[in-house]
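One file, coords.cif, is given below (mmCIF, C-alpha atoms, pLDDT in the B column; chains and numbers go by the auth columns).
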```cif
data_my_file
#
loop_
_atom_site.group_PDB
_atom_site.id
_atom_site.type_symbol
_atom_site.label_atom_id
_atom_site.label_comp_id
_atom_site.label_asym_id
_atom_site.label_seq_id
_atom_site.Cartn_x
_atom_site.Cartn_y
_atom_site.Cartn_z
_atom_site.B_iso_or_equiv
_atom_site.auth_seq_id
_atom_site.auth_asym_id
ATOM 1 C CA MET A 1 -96.372 18.235 77.192 46.00 1 E
ATOM 2 C CA THR A 2 -95.256 18.461 73.609 49.00 2 E
ATOM 3 C CA ARG A 3 -93.072 15.563 72.166 53.00 3 E
ATOM 4 C CA ARG A 4 -90.226 16.524 69.784 54.00 4 E
ATOM 5 C CA THR A 5 -88.844 14.245 67.045 53.00 5 E
ATOM 6 C CA THR A 6 -85.081 14.241 66.660 60.00 6 E
ATOM 7 C CA PRO A 7 -83.535 14.765 63.166 60.00 7 E
ATOM 8 C CA VAL A 8 -81.871 11.337 63.306 59.00 8 E
ATOM 9 C CA ALA A 9 -85.169 9.557 63.801 61.00 9 E
ATOM 10 C CA SER A 10 -86.765 11.471 60.961 65.00 10 E
ATOM 11 C CA ALA A 11 -83.986 10.583 58.530 67.00 11 E
ATOM 12 C CA SER A 12 -84.204 6.899 59.452 66.00 12 E
ATOM 13 C CA ALA A 13 -87.882 6.866 58.759 66.00 13 E
ATOM 14 C CA ILE A 14 -87.438 8.448 55.341 72.00 14 E
ATOM 15 C CA VAL A 15 -84.801 5.856 54.340 65.00 15 E
ATOM 16 C CA LEU A 16 -87.037 3.009 55.449 68.00 16 E
ATOM 17 C CA CYS A 17 -89.905 4.311 53.358 64.00 17 E
ATOM 18 C CA LEU A 18 -87.754 4.635 50.287 65.00 18 E
ATOM 19 C CA GLY A 19 -86.582 1.059 50.652 64.00 19 E
ATOM 20 C CA VAL A 20 -90.128 -0.212 50.823 57.00 20 E
ATOM 21 C CA LEU A 21 -91.143 1.781 47.775 59.00 21 E
ATOM 22 C CA LEU A 22 -88.206 0.473 45.715 56.00 22 E
ATOM 23 C CA THR A 23 -88.973 -3.097 46.689 54.00 23 E
ATOM 24 C CA GLY A 24 -92.524 -2.710 45.680 53.00 24 E
ATOM 25 C CA CYS A 25 -91.595 -1.243 42.251 48.00 25 E
ATOM 26 C CA GLY A 26 -90.352 -4.553 40.980 48.00 26 E
ATOM 27 C CA ALA A 27 -92.267 -6.810 38.604 47.00 27 E
ATOM 28 C CA ALA A 28 -95.432 -8.296 39.992 47.00 28 E
ATOM 29 C CA GLY A 29 -94.833 -11.563 41.727 49.00 29 E
ATOM 30 C CA SER A 30 -90.945 -11.353 41.539 50.00 30 E
ATOM 31 C CA GLY A 31 -90.383 -10.478 45.154 51.00 31 E
ATOM 32 C CA TYR A 32 -86.660 -9.252 44.743 51.00 32 E
ATOM 33 C CA ALA A 33 -84.793 -6.136 43.719 52.00 33 E
ATOM 34 C CA ALA A 34 -82.112 -5.996 40.975 52.00 34 E
ATOM 35 C CA VAL A 35 -78.580 -5.590 42.254 53.00 35 E
ATOM 36 C CA GLY A 36 -75.349 -5.232 40.146 53.00 36 E
ATOM 37 C CA PRO A 37 -74.961 -4.294 36.427 56.00 37 E
ATOM 38 C CA ALA A 38 -77.116 -5.764 33.726 56.00 38 E
ATOM 39 C CA GLY A 39 -75.551 -8.527 31.600 56.00 39 E
ATOM 40 C CA PRO A 40 -75.417 -8.804 27.783 57.00 40 E
ATOM 41 C CA LEU A 41 -78.479 -9.586 25.800 54.00 41 E
ATOM 42 C CA ASP A 42 -77.032 -12.889 24.420 56.00 42 E
ATOM 43 C CA GLY A 43 -76.516 -14.288 27.905 55.00 43 E
ATOM 44 C CA THR A 44 -72.675 -14.509 27.695 56.00 44 E
ATOM 45 C CA ALA A 45 -70.475 -12.929 30.348 57.00 45 E
ATOM 46 C CA ARG A 46 -67.649 -10.475 29.453 59.00 46 E
ATOM 47 C CA THR A 47 -64.227 -11.284 30.865 62.00 47 E
ATOM 48 C CA THR A 48 -62.191 -8.480 29.181 64.00 48 E
ATOM 49 C CA PRO A 49 -62.665 -4.723 29.245 65.00 49 E
ATOM 50 C CA VAL A 50 -64.373 -3.189 26.246 65.00 50 E
ATOM 51 C CA ALA A 51 -63.092 0.092 24.781 68.00 51 E
ATOM 52 C CA PRO A 52 -65.714 2.802 24.721 67.00 52 E
ATOM 53 C CA PRO A 53 -67.115 3.593 21.259 69.00 53 E
ATOM 54 C CA GLY A 54 -66.290 6.872 19.568 69.00 54 E
ATOM 55 C CA ARG A 55 -63.347 9.218 20.066 74.00 55 E
ATOM 56 C CA VAL A 56 -61.860 9.701 23.513 69.00 56 E
ATOM 57 C CA GLU A 57 -60.313 13.002 24.515 71.00 57 E
ATOM 58 C CA LEU A 58 -58.058 13.358 27.532 69.00 58 E
ATOM 59 C CA THR A 59 -58.075 16.602 29.503 70.00 59 E
ATOM 60 C CA PRO A 60 -55.018 17.241 31.726 71.00 60 E
ATOM 61 C CA LEU A 61 -55.692 18.172 35.314 69.00 61 E
ATOM 62 C CA ASP A 62 -53.310 21.161 35.201 64.00 62 E
ATOM 63 C CA GLY A 63 -55.344 22.815 32.484 54.00 63 E
ATOM 64 C CA GLY A 64 -52.615 22.572 29.783 51.00 64 E
ATOM 65 C CA ASP A 65 -53.684 21.838 26.218 52.00 65 E
ATOM 66 C CA ARG A 66 -51.813 18.748 25.026 54.00 66 E
ATOM 67 C CA GLY A 67 -54.041 18.096 22.027 52.00 67 E
ATOM 68 C CA PRO A 68 -56.074 15.003 21.245 53.00 68 E
ATOM 69 C CA ALA A 69 -54.663 11.669 22.232 52.00 69 E
ATOM 70 C CA ARG A 70 -53.577 9.325 19.465 55.00 70 E
ATOM 71 C CA PRO A 71 -54.702 5.719 19.677 52.00 71 E
ATOM 72 C CA GLY A 72 -51.976 3.178 20.146 49.00 72 E
ATOM 73 C CA PRO A 73 -51.218 0.315 17.732 50.00 73 E
ATOM 74 C CA SER A 74 -53.693 -2.651 17.416 50.00 74 E
ATOM 75 C CA GLY A 75 -56.489 -0.821 19.214 49.00 75 E
ATOM 76 C CA GLY A 76 -54.449 -0.450 22.432 50.00 76 E
ATOM 77 C CA PRO A 77 -54.510 2.504 24.758 53.00 77 E
ATOM 78 C CA PRO A 78 -53.730 5.866 23.213 52.00 78 E
ATOM 79 C CA GLY A 79 -50.075 6.822 23.036 51.00 79 E
ATOM 80 C CA PRO A 80 -48.530 9.906 24.582 51.00 80 E
ATOM 81 C CA SER A 81 -49.088 13.185 22.852 49.00 81 E
ATOM 82 C CA THR A 82 -46.192 15.334 21.692 48.00 82 E
ATOM 83 C CA GLY A 83 -45.841 18.840 22.923 46.00 83 E
ATOM 84 C CA PRO A 84 -43.767 21.103 25.111 47.00 84 E
ATOM 85 C CA THR A 85 -44.440 19.054 28.257 46.00 85 E
ATOM 86 C CA GLY A 86 -44.655 15.587 26.679 47.00 86 E
ATOM 87 C CA SER A 87 -42.085 12.844 27.261 49.00 87 E
ATOM 88 C CA ALA A 88 -41.582 12.057 23.535 50.00 88 E
ATOM 89 C CA PRO A 89 -39.085 14.194 21.550 50.00 89 E
ATOM 90 C CA ALA A 90 -40.524 17.070 19.575 51.00 90 E
ATOM 91 C CA PRO A 91 -40.538 16.871 15.753 52.00 91 E
ATOM 92 C CA GLY A 92 -37.248 17.983 14.171 51.00 92 E
ATOM 93 C CA SER A 93 -35.225 17.542 17.367 51.00 93 E
ATOM 94 C CA ALA A 94 -31.909 15.736 16.969 52.00 94 E
ATOM 95 C CA THR A 95 -31.164 12.697 19.101 54.00 95 E
ATOM 96 C CA PRO A 96 -27.597 12.767 20.501 53.00 96 E
ATOM 97 C CA PRO A 97 -25.509 9.853 19.189 53.00 97 E
ATOM 98 C CA ALA A 98 -24.674 7.037 21.513 55.00 98 E
ATOM 99 C CA THR A 99 -21.179 6.964 22.993 53.00 99 E
ATOM 100 C CA PRO A 100 -19.002 4.381 21.197 50.00 100 E
ATOM 101 C CA PRO A 101 -17.839 1.464 23.353 50.00 101 E
ATOM 102 C CA HIS A 102 -14.532 1.768 25.197 51.00 102 E
ATOM 103 C CA GLY A 103 -14.495 5.518 24.580 47.00 103 E
ATOM 104 C CA SER A 104 -13.143 5.013 21.044 46.00 104 E
ATOM 105 C CA PRO A 105 -13.677 7.859 18.577 47.00 105 E
ATOM 106 C CA THR A 106 -13.308 5.591 15.581 49.00 106 E
ATOM 107 C CA GLY A 107 -16.062 3.030 16.232 47.00 107 E
ATOM 108 C CA PRO A 108 -16.606 -0.313 17.954 47.00 108 E
ATOM 109 C CA GLY A 109 -13.637 -2.526 18.526 47.00 109 E
ATOM 110 C CA THR A 110 -11.083 0.217 17.996 47.00 110 E
ATOM 111 C CA THR A 111 -8.532 0.698 20.727 50.00 111 E
ATOM 112 C CA GLY A 112 -7.707 4.259 19.739 50.00 112 E
ATOM 113 C CA ALA A 113 -5.515 6.199 17.360 51.00 113 E
ATOM 114 C CA PRO A 114 -1.926 4.948 16.901 52.00 114 E
ATOM 115 C CA GLY A 115 0.723 6.640 18.965 54.00 115 E
ATOM 116 C CA PRO A 116 3.424 8.907 17.558 57.00 116 E
ATOM 117 C CA THR A 117 6.370 7.414 15.693 57.00 117 E
ATOM 118 C CA PRO A 118 9.467 7.306 17.936 54.00 118 E
ATOM 119 C CA ALA A 119 12.249 9.628 16.935 58.00 119 E
ATOM 120 C CA PRO A 120 15.492 8.043 15.667 54.00 120 E
ATOM 121 C CA GLY A 121 18.126 7.531 18.306 53.00 121 E
ATOM 122 C CA PRO A 122 21.571 9.116 18.420 53.00 122 E
ATOM 123 C CA GLY A 123 23.839 8.199 15.524 49.00 123 E
ATOM 124 C CA THR A 124 20.950 7.037 13.338 50.00 124 E
ATOM 125 C CA ASN A 125 20.781 8.297 9.780 52.00 125 E
ATOM 126 C CA PRO A 126 17.087 9.156 9.074 48.00 126 E
ATOM 127 C CA SER A 127 17.584 8.746 5.336 50.00 127 E
ATOM 128 C CA SER A 128 19.108 5.262 5.572 47.00 128 E
ATOM 129 C CA PRO A 129 16.848 2.398 4.386 47.00 129 E
ATOM 130 C CA PRO A 130 15.434 -0.050 6.992 48.00 130 E
ATOM 131 C CA GLY A 131 17.446 -3.119 7.854 45.00 131 E
ATOM 132 C CA GLY A 132 20.791 -1.303 7.851 45.00 132 E
ATOM 133 C CA SER A 133 21.506 -2.019 4.172 44.00 133 E
ATOM 134 C CA SER A 134 23.748 0.496 2.464 46.00 134 E
ATOM 135 C CA SER A 135 22.575 2.412 -0.571 47.00 135 E
ATOM 136 C CA PRO A 136 23.994 1.377 -3.923 47.00 136 E
ATOM 137 C CA GLN A 137 26.581 3.568 -5.563 51.00 137 E
ATOM 138 C CA PRO A 138 25.321 5.977 -8.252 50.00 138 E
ATOM 139 C CA GLY A 139 25.231 4.240 -11.608 51.00 139 E
ATOM 140 C CA GLY A 140 25.527 0.793 -9.971 51.00 140 E
ATOM 141 C CA SER A 141 29.359 0.779 -10.214 57.00 141 E
ATOM 142 C CA SER A 142 31.569 -0.500 -7.400 63.00 142 E
ATOM 143 C CA PRO A 143 34.289 1.775 -5.972 73.00 143 E
ATOM 144 C CA THR A 144 37.686 1.616 -7.668 75.00 144 E
ATOM 145 C CA PRO A 145 40.217 -0.331 -5.569 84.00 145 E
ATOM 146 C CA ALA A 146 43.314 1.455 -4.346 86.00 146 E
ATOM 147 C CA PRO A 147 46.436 0.872 -6.493 85.00 147 E
ATOM 148 C CA PRO A 148 49.418 -0.974 -4.977 89.00 148 E
ATOM 149 C CA SER A 149 51.906 1.100 -3.014 89.00 149 E
ATOM 150 C CA PRO A 150 54.800 1.588 -3.425 92.00 150 E
ATOM 151 C CA THR A 151 55.065 1.165 -7.179 92.00 151 E
ATOM 152 C CA VAL A 152 57.765 0.817 -9.819 91.00 152 E
ATOM 153 C CA PRO A 153 57.725 2.253 -13.323 91.00 153 E
ATOM 154 C CA ALA A 154 55.818 0.013 -15.723 88.00 154 E
ATOM 155 C CA GLY A 155 58.082 0.883 -18.658 86.00 155 E
ATOM 156 C CA PRO A 156 57.296 1.736 -22.300 88.00 156 E
ATOM 157 C CA ASP A 157 56.357 -1.818 -23.243 88.00 157 E
ATOM 158 C CA ALA A 158 53.797 -2.293 -20.448 90.00 158 E
ATOM 159 C CA PRO A 159 50.087 -2.454 -21.337 87.00 159 E
ATOM 160 C CA PRO A 160 48.339 0.969 -21.168 88.00 160 E
ATOM 161 C CA GLY A 161 47.035 1.822 -17.695 90.00 161 E
ATOM 162 C CA LEU A 162 48.925 -0.940 -15.883 92.00 162 E
ATOM 163 C CA VAL A 163 50.077 -0.070 -12.346 93.00 163 E
ATOM 164 C CA VAL A 164 52.870 -2.261 -10.952 94.00 164 E
ATOM 165 C CA GLY A 165 53.739 -2.638 -7.285 94.00 165 E
ATOM 166 C CA LYS A 166 57.249 -2.920 -5.946 94.00 166 E
ATOM 167 C CA PRO A 167 58.450 -6.564 -5.832 95.00 167 E
ATOM 168 C CA VAL A 168 58.179 -8.216 -2.411 96.00 168 E
ATOM 169 C CA LEU A 169 61.124 -10.617 -1.847 96.00 169 E
ATOM 170 C CA ALA A 170 61.414 -13.669 0.374 96.00 170 E
ATOM 171 C CA ASP A 171 64.288 -16.115 0.929 94.00 171 E
ATOM 172 C CA THR A 172 64.030 -19.783 0.018 95.00 172 E
ATOM 173 C CA ASP A 173 65.767 -22.940 1.168 95.00 173 E
ATOM 174 C CA VAL A 174 68.721 -22.244 -1.200 95.00 174 E
ATOM 175 C CA ARG A 175 70.675 -19.018 -1.603 93.00 175 E
ATOM 176 C CA TRP A 176 70.504 -18.980 -5.438 96.00 176 E
ATOM 177 C CA CYS A 177 66.664 -18.897 -5.473 97.00 177 E
ATOM 178 C CA GLN A 178 64.264 -16.172 -4.319 97.00 178 E
ATOM 179 C CA GLN A 179 60.481 -15.866 -4.017 97.00 179 E
ATOM 180 C CA VAL A 180 59.137 -12.746 -5.782 97.00 180 E
ATOM 181 C CA THR A 181 55.570 -11.354 -5.426 97.00 181 E
ATOM 182 C CA ILE A 182 54.190 -8.401 -7.434 96.00 182 E
ATOM 183 C CA ASP A 183 50.739 -6.730 -7.292 96.00 183 E
ATOM 184 C CA PHE A 184 49.075 -5.405 -10.459 95.00 184 E
ATOM 185 C CA LEU A 185 46.095 -3.149 -11.178 95.00 185 E
ATOM 186 C CA ASN A 186 44.757 -2.504 -14.656 94.00 186 E
ATOM 187 C CA THR A 187 43.336 1.039 -14.746 92.00 187 E
ATOM 188 C CA GLY A 188 42.862 1.025 -18.530 90.00 188 E
ATOM 189 C CA ASP A 189 39.708 0.461 -20.547 91.00 189 E
ATOM 190 C CA HIS A 190 40.554 -2.975 -21.951 91.00 190 E
ATOM 191 C CA PRO A 191 41.668 -6.225 -20.288 93.00 191 E
ATOM 192 C CA VAL A 192 45.210 -7.487 -20.758 92.00 192 E
ATOM 193 C CA THR A 193 45.186 -11.036 -22.134 92.00 193 E
ATOM 194 C CA THR A 194 48.759 -11.494 -23.425 91.00 194 E
ATOM 195 C CA GLY A 195 52.264 -10.523 -22.327 90.00 195 E
ATOM 196 C CA THR A 196 55.228 -11.534 -20.189 92.00 196 E
ATOM 197 C CA VAL A 197 57.293 -9.956 -17.432 93.00 197 E
ATOM 198 C CA THR A 198 61.063 -10.282 -17.131 94.00 198 E
ATOM 199 C CA LEU A 199 62.552 -10.170 -13.634 96.00 199 E
ATOM 200 C CA GLY A 200 66.173 -9.072 -13.227 96.00 200 E
ATOM 201 C CA SER A 201 68.003 -10.677 -10.279 97.00 201 E
ATOM 202 C CA HIS A 202 71.235 -8.967 -9.099 97.00 202 E
ATOM 203 C CA VAL A 203 74.021 -11.015 -7.454 97.00 203 E
ATOM 204 C CA ILE A 204 75.289 -9.075 -4.431 96.00 204 E
ATOM 205 C CA ASP A 205 78.317 -9.947 -2.289 94.00 205 E
ATOM 206 C CA ALA A 206 78.777 -9.329 1.432 92.00 206 E
ATOM 207 C CA LEU A 207 80.123 -5.834 0.804 94.00 207 E
ATOM 208 C CA GLY A 208 77.087 -4.871 -1.297 94.00 208 E
ATOM 209 C CA ILE A 209 78.919 -5.042 -4.621 95.00 209 E
ATOM 210 C CA ASP A 210 76.715 -5.980 -7.618 96.00 210 E
ATOM 211 C CA TRP A 211 78.591 -8.665 -9.531 95.00 211 E
ATOM 212 C CA ALA A 212 76.015 -9.650 -12.150 95.00 212 E
ATOM 213 C CA THR A 213 72.370 -9.380 -13.255 96.00 213 E
ATOM 214 C CA VAL A 214 70.458 -12.442 -14.457 96.00 214 E
ATOM 215 C CA ASP A 215 67.102 -12.055 -16.307 95.00 215 E
ATOM 216 C CA SER A 216 64.261 -14.524 -15.854 95.00 216 E
ATOM 217 C CA PRO A 217 61.144 -14.220 -18.061 94.00 217 E
ATOM 218 C CA GLN A 218 57.852 -15.095 -16.296 94.00 218 E
ATOM 219 C CA SER A 219 54.201 -15.226 -17.313 92.00 219 E
ATOM 220 C CA LEU A 220 51.760 -12.486 -16.194 92.00 220 E
ATOM 221 C CA PRO A 221 48.742 -13.426 -14.052 93.00 221 E
ATOM 222 C CA LEU A 222 46.379 -13.093 -17.030 93.00 222 E
ATOM 223 C CA PRO A 223 43.837 -11.837 -17.708 94.00 223 E
ATOM 224 C CA LEU A 224 44.253 -8.447 -16.071 94.00 224 E
ATOM 225 C CA ILE A 225 40.657 -7.149 -15.823 94.00 225 E
ATOM 226 C CA PRO A 226 40.158 -3.350 -15.601 93.00 226 E
ATOM 227 C CA GLY A 227 39.521 -2.308 -12.008 92.00 227 E
ATOM 228 C CA LYS A 228 40.326 -5.765 -10.584 94.00 228 E
ATOM 229 C CA PRO A 229 43.582 -6.268 -8.607 94.00 229 E
ATOM 230 C CA ALA A 230 45.815 -9.220 -9.488 95.00 230 E
ATOM 231 C CA THR A 231 48.889 -10.741 -7.861 95.00 231 E
ATOM 232 C CA GLY A 232 51.755 -12.698 -9.426 95.00 232 E
ATOM 233 C CA SER A 233 54.178 -14.865 -7.425 96.00 233 E
ATOM 234 C CA TRP A 234 57.232 -16.638 -8.820 97.00 234 E
ATOM 235 C CA ARG A 235 60.265 -18.629 -7.622 96.00 235 E
ATOM 236 C CA VAL A 236 63.269 -17.082 -9.385 96.00 236 E
ATOM 237 C CA CYS A 237 66.511 -19.090 -9.514 96.00 237 E
ATOM 238 C CA VAL A 238 69.953 -18.646 -11.091 95.00 238 E
ATOM 239 C CA ASP A 239 72.914 -21.019 -11.503 95.00 239 E
ATOM 240 C CA ALA A 240 74.233 -22.115 -8.162 95.00 240 E
ATOM 241 C CA TRP A 241 77.856 -21.283 -9.034 95.00 241 E
ATOM 242 C CA ARG A 242 76.817 -17.645 -9.608 94.00 242 E
ATOM 243 C CA VAL A 243 75.929 -17.264 -5.919 95.00 243 E
ATOM 244 C CA PRO A 244 78.820 -18.626 -3.869 94.00 244 E
ATOM 245 C CA PRO A 245 78.681 -18.684 -0.087 94.00 245 E
ATOM 246 C CA GLY A 246 78.480 -15.180 1.371 93.00 246 E
ATOM 247 C CA MET A 247 76.573 -13.779 -1.613 95.00 247 E
ATOM 248 C CA HIS A 248 72.777 -13.385 -2.216 95.00 248 E
ATOM 249 C CA LEU A 249 70.201 -12.439 -4.825 95.00 249 E
ATOM 250 C CA ASP A 250 68.306 -9.105 -5.054 96.00 250 E
ATOM 251 C CA THR A 251 65.540 -9.239 -7.705 95.00 251 E
ATOM 252 C CA LYS A 252 64.457 -5.652 -8.384 93.00 252 E
ATOM 253 C CA ASP A 253 64.150 -5.150 -12.145 93.00 253 E
ATOM 254 C CA VAL A 254 60.759 -5.565 -13.792 94.00 254 E
ATOM 255 C CA THR A 255 60.394 -5.433 -17.590 92.00 255 E
ATOM 256 C CA PHE A 256 57.209 -6.071 -19.583 91.00 256 E
ATOM 257 C CA LYS A 257 56.779 -7.372 -23.090 86.00 257 E
ATOM 258 C CA THR A 258 53.494 -7.553 -24.909 76.00 258 E
ATOM 259 C CA THR A 259 53.137 -10.533 -27.260 68.00 259 E
#
```
What does the file become when written as C-alpha cells?
Amino acid sequence: MTRRTTPVASASAIVLCLGVLLTGCGAAGSGYAAVGPAGPLDGTARTTPVAPPGRVELTPLDGGDRGPARPGPSGGPPGPSTGPTGSAPAPGSATPPATPPHGSPTGPGTTGAPGPTPAPGPGTNPSSPPGGSSSPQPGGSSPTPAPPSPTVPAGPDAPPGLVVGKPVLADTDVRWCQQVTIDFLNTGDHPVTTGTVTLGSHVIDALGIDWATVDSPQSLPLPLIPGKPATGSWRVCVDAWRVPPGMHLDTKDVTFKTT
C-alpha cells in the first residue's frame, strides 16, 4: 500500500528546514538570529526621519508628466509642481482682486458714492446765493427813493433838482397857529447846505373868503443830500387879532431863497 504525502505537509517541512539553516548561518557561538534594521555605526539611535540622498523624482499614478518636483524651503518636502493639472496658478495668470469690504467700489471704509443733489423746490430761484441774501445792485448803488407825492412847484429860486411835496397841515391848540410838514428830495448832483423857505399862511373866514396872507420865513432841514429824503416840520403862527373867532389859517404857499 503506497503512502502519499500531502502538499501542506511538504510545504511545512521546507519552511522548517529553511529556519534551521538560517539559524545556523549566524556567527559561531552567538546562538541568535538578527531581527530588525541595523543601527548606526556610532551607536546613536535616530529619532527623526532622514531625507534620502540625491534627487527625488515623483511619478504620478495617472501617467501624466508634471515635471520634476521642486524641493521646499529649508530642506522640507518638495513643493507642488506647476502645470495644467497643478493646484498653483500658472505663470502669467492674473489673480482676481479681492472684493472691497462692504461692497464699496471706492475702497475700505467708504460707504458709497454720494447721492444726487436734490432739485430746488417750487418758487426757488436757482441762481440766488445760499442763505437767502439778495444780490447787490449793479455798481454797488442803492435804488433811488421815490419822490414825494403830490408835489408843489419849487419855484425859480429853489436849489437845482429839489422836489418839494405838498404841505401837510394840522391844527394846534390855538386857531392862529398851524403845524406844517413838508417832504423834500434832492435829485441834483450837489448837496444843499444853505437856504430858507418862506411859508405863506392865508386867513380864511367861514364863507371861504381869503382876507389876508401872512409870510413866515423858516429854515430848511439842511443839509439836503442827493438821493436822501428829508422832512421839515414847523409851527406857523400869525397875530391873534388877524384870526378872529370863526376864521382859520390855510398855509399853502412855499417860496425858497438861497443864501
Shortest interatomic distance to Gly200 in chain E - which of E:Thr251, E:Thr258, E:Gln179, E:Ser219, counting only C-alpha atoms: E:Thr251
Explicit residues for the PyMOL selection byres ((chain E and resi 220-226) around 12) (as a ChimeraX atom specification): /E:144-145,147,158-164,181-199,217-219,227-234,254-259
Answer as a PyMOL selection string, residues within 7 Å of (53.7, 2.3, -3.5) using all atoms listed in the file: chain E and resi 148-151+165-166
Between CA of Pro245 in chain E and CA of Val168 in chain E - distance in Å to one decimal: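 Spanning CA of Val168 in chain E to CA of Pro245 in chain E is a straight-line distance of 23.1 Å.
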Shell around Arg235 in chain E at 8 Å using only C-alpha atoms, local window under 3 positions removed, as a VMD selection string: chain E and resid 177 to 180
Selection dump of the PyMOL selection byres ((chain E and resi 203) around 10), as a list in words: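 With the shown file as input, the PyMOL selection byres ((chain E and resi 203) around 10) matches Trp176, Gly200, Ser201, His202, Ile204, Asp205, Gly208, Ile209, Asp210, Trp211, Ala212, Thr213, Val214, Val238, Arg242, Val243, Pro244, Met247, His248, Leu249, Asp250 and Thr251 of chain E.
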Gap from CA of Ala206 in chain E to CA of Gly246 in chain E - Å, one decimal: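 Rounded to one decimal, the two atoms are 5.9 Å apart.
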Between CA of Ala170 in chain E and CA of Pro156 in chain E, distance in Å (one decimal):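 It comes out at 27.7 Å.
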With all heavy atoms as the goal, would you fill in the gaps in range 168-174 of chain E and present it as a CSV table (one decimal), in the frame of the given file?
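selection-v8.csv, written as the output of this step:
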```
chain,number,residue,atom,x,y,z
E,168,VAL,N,58.0,-7.8,-3.8
E,168,VAL,CA,58.2,-8.2,-2.4
E,168,VAL,C,59.0,-9.5,-2.5
E,168,VAL,O,58.6,-10.5,-3.1
E,168,VAL,CB,56.8,-8.4,-1.7
E,168,VAL,CG1,57.0,-8.9,-0.3
E,168,VAL,CG2,56.0,-7.2,-1.7
E,169,LEU,N,60.2,-9.5,-1.8
E,169,LEU,CA,61.1,-10.6,-1.8
E,169,LEU,C,61.1,-11.5,-0.6
E,169,LEU,O,60.8,-10.9,0.5
E,169,LEU,CB,62.5,-10.1,-2.1
E,169,LEU,CG,62.7,-9.1,-3.3
E,169,LEU,CD1,64.1,-8.6,-3.4
E,169,LEU,CD2,62.3,-9.8,-4.5
E,170,ALA,N,61.3,-12.7,-0.8
E,170,ALA,CA,61.4,-13.7,0.4
E,170,ALA,C,62.5,-14.7,0.1
E,170,ALA,O,62.6,-15.2,-1.1
E,170,ALA,CB,60.1,-14.3,0.6
E,171,ASP,N,63.3,-15.1,1.1
E,171,ASP,CA,64.3,-16.1,0.9
E,171,ASP,C,63.7,-17.5,0.8
E,171,ASP,O,62.5,-17.8,1.3
E,171,ASP,CB,65.3,-16.1,2.1
E,171,ASP,CG,66.1,-14.8,2.2
E,171,ASP,OD1,66.3,-14.1,1.1
E,171,ASP,OD2,66.5,-14.4,3.3
E,172,THR,N,64.5,-18.4,0.2
E,172,THR,CA,64.0,-19.8,0.0
E,172,THR,C,65.0,-20.7,0.8
E,172,THR,O,65.9,-20.2,1.5
E,172,THR,CB,64.0,-20.2,-1.5
E,172,THR,OG1,65.3,-20.0,-2.0
E,172,THR,CG2,63.0,-19.2,-2.2
E,173,ASP,N,64.9,-22.0,0.5
E,173,ASP,CA,65.8,-22.9,1.2
E,173,ASP,C,67.2,-23.0,0.6
E,173,ASP,O,68.1,-23.6,1.2
E,173,ASP,CB,65.2,-24.3,1.1
E,173,ASP,CG,64.8,-24.7,-0.3
E,173,ASP,OD1,64.8,-23.8,-1.2
E,173,ASP,OD2,64.5,-25.9,-0.6
E,174,VAL,N,67.4,-22.3,-0.6
E,174,VAL,CA,68.7,-22.2,-1.2
E,174,VAL,C,69.0,-20.8,-1.5
E,174,VAL,O,68.1,-20.0,-1.8
E,174,VAL,CB,68.8,-23.1,-2.5
E,174,VAL,CG1,68.7,-24.6,-2.2
E,174,VAL,CG2,67.8,-22.7,-3.5
```
